[in-house]
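Structure first, commentary second.
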Amino acid sequence: MNPALDRTTVLAVLALTVNAFTWGLLWWPFRWFAEQGLHPLWATVAVYGVVVVLISAWRPRAWGQLLRAPVLWWLLLAAGVTNAAYNTAATVGDVVRAVLLFYLMPLWAVLLARVVLGERLTLLAALRVVLALGGAMVVLWPADGSGLPLPRSAADALAVLGGFGFALNNVLLRREAARSDESRALAMFLGGLLVPAAAALALGAAGLVAPPPAAAPGWVAGVVALAAVFLVGNLALQYGAARLPANATSVVMVSEVVFAGGSAVALGAGVVTAQMGAGGALILAAALLAAWRR
């Protein structure tokens with residue numbers, strides 16, 4: 001075994017675990033912001049706005065690198081959709097349910113890795129798709145047995161959309177691994193600012209999202225603190241995802257389910273039913289199967 005390669009792999013896995021922990025507990029500060037009158041979309045804009053300012057001051061050349069690489073704009077869009085969708089879903093819906101539907105990511109990763117990276121589809125990949133789809137059907141099936149296994153709320157749909165965005169985010173990080181860390185990081189952070197801002201403005205015009213409240217020391221300090229956490233977590237993600245295969249990244253990030261589900265149940269923000277447990281087991285099996293090699 002190559003010691004340098006092994007050390008790189010270990011550090012990549014640890015970095016992804018840090019990111020999973022960050023995302024797993026992310027629902028709590030966003031619910032706190034909502035209690036202060038700050039909608040999760042505007043909270044996302046505020047947090048990523050701070051991060052964009054910091055990274056611009058730290059690496060101003062990243063702007064030129066981003067503007068000269070239109071392919072990174074897709075990373076910007078994927079990261080923005082991920083944050084806007086998941087942060088809102090975890091704030092307004094059941095956290096356990098949201099994180100399980102978000103973690104249909106292995107299904108999207110298989111399909112996107114084929115299209116974007118040209119990775120070969122195998123029987124194991126097909127089995128992962130079947131398991132993930134089966135788990136989604138179980139989670140989404142109406143409790144009374146009537147109707148179709150479709151998203152039952154906006155939070156459900158947003159969680160699924162967020163998972164797709166996150167899978168695309170990870171696949172693009174892998175494909176663009178040769179680009180500078182700062183350009184990829186700026187694309188992700190700028191996406192977390194621009195996409196939620198556009199969504200908040202559009203929904204605000206329709207009367208669905210309230211404007212942000214007047215600045216108050218409490219939530220402003222919370223935004224700055226969470227921005228620092230986001231910066232560490234997202235840098236960890238782009239470090240780890242750029243050094244591991246897309247499917248392996250998905251597997252390591254499954255630990256977010258444990259962090260999010262455990263904290264949500266402990267704090268009363270989610271429940272685990274037998275139906276959700278069965279569906280979640282299938283979704284997790286699909287993710288863990290990606291780690292298995294002949």
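Within each chain, counting starts at residue 1; across the structure tokens, chains are named A, B, ... in the order shown, with ligands numbered 1 upward in that order.
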
Contact table range 71-103 of chain A vs range 169-175 of chain A, cut-off 9 Å, shortest pair per residue, only C-alpha atoms, as a Markdown table:
```
| residue | atom | partner | partner_atom | distance |
| --- | --- | --- | --- | --- |
| A:Val71 | CA | A:Leu172 | CA | 8.9 |
| A:Leu72 | CA | A:Leu172 | CA | 8.2 |
| A:Trp74 | CA | A:Leu172 | CA | 8.0 |
| A:Leu75 | CA | A:Asn169 | CA | 5.8 |
| A:Leu76 | CA | A:Asn169 | CA | 8.4 |
| A:Leu77 | CA | A:Asn169 | CA | 8.6 |
| A:Ala78 | CA | A:Asn169 | CA | 5.3 |
| A:Ala79 | CA | A:Asn169 | CA | 5.9 |
| A:Thr82 | CA | A:Asn169 | CA | 8.2 |
```

Polymer residues at most 9 Å from Val99 in chain A, only C-alpha atoms, same-chain spacing of 4 or more positions, as a list of chain:residue names | A:Gly24, A:Tyr86, A:Ala89, A:Ala90, A:Asp94, A:Val95, A:Tyr103, A:Ala159, A:Gly163, A:Glu256, A:Val257, A:Ala260, A:Gly261

Determine, using only C-alpha atoms, which residues of range 74-185 of chain A have any atom at most 10 Å from an atom of range 230-247 of chain A, and tabulate each with its shortest atom pair and distance in Å to one decimal place, rows ordered by chain and then rising number, as a tab-separated table.
```
residue	atom	partner	partner_atom	distance
A:Met105	CA	A:Asn247	CA	9.5
A:Pro106	CA	A:Asn247	CA	6.9
A:Leu107	CA	A:Asn247	CA	9.7
A:Trp108	CA	A:Asn247	CA	9.9
A:Ala109	CA	A:Asn247	CA	6.4
A:Val110	CA	A:Asn247	CA	7.1
A:Leu112	CA	A:Ala246	CA	9.3
A:Ala113	CA	A:Ala246	CA	7.0
A:Leu117	CA	A:Ala246	CA	9.1
A:Glu119	CA	A:Ala246	CA	9.6
A:Ala125	CA	A:Asn247	CA	9.6
A:Ala167	CA	A:Ala246	CA	8.2
A:Leu168	CA	A:Ala246	CA	9.4
A:Asn169	CA	A:Ala241	CA	9.2
A:Asn170	CA	A:Ala241	CA	6.0
A:Val171	CA	A:Ala246	CA	5.5
A:Leu172	CA	A:Ala242	CA	8.8
A:Leu173	CA	A:Ala242	CA	5.5
A:Arg174	CA	A:Ala242	CA	4.6
A:Arg175	CA	A:Ala242	CA	7.8
A:Glu176	CA	A:Ala242	CA	7.7
A:Ala177	CA	A:Ala242	CA	5.0
A:Ala178	CA	A:Ala242	CA	8.5
A:Arg179	CA	A:Ala242	CA	9.8
A:Asp181	CA	A:Gln238	CA	7.6
A:Glu182	CA	A:Leu235	CA	9.1
A:Arg184	CA	A:Gln238	CA	7.5
A:Ala185	CA	A:Leu235	CA	6.7
```

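With only C-alpha atoms as the atoms that count, the minimum distance from Gly191 in chain A to the choices A:Leu101, A:Val50, A:Ala205, A:Val45 is reached by A:Val45.
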
Test item, helix (DSSP H, G or I) assignment across range 60-194 of chain A, answer as a count of residues only = 104

Between CA of Ala157 in chain A and CA of Phe30 in chain A - distance in Å to one decimal | 18.5 Å
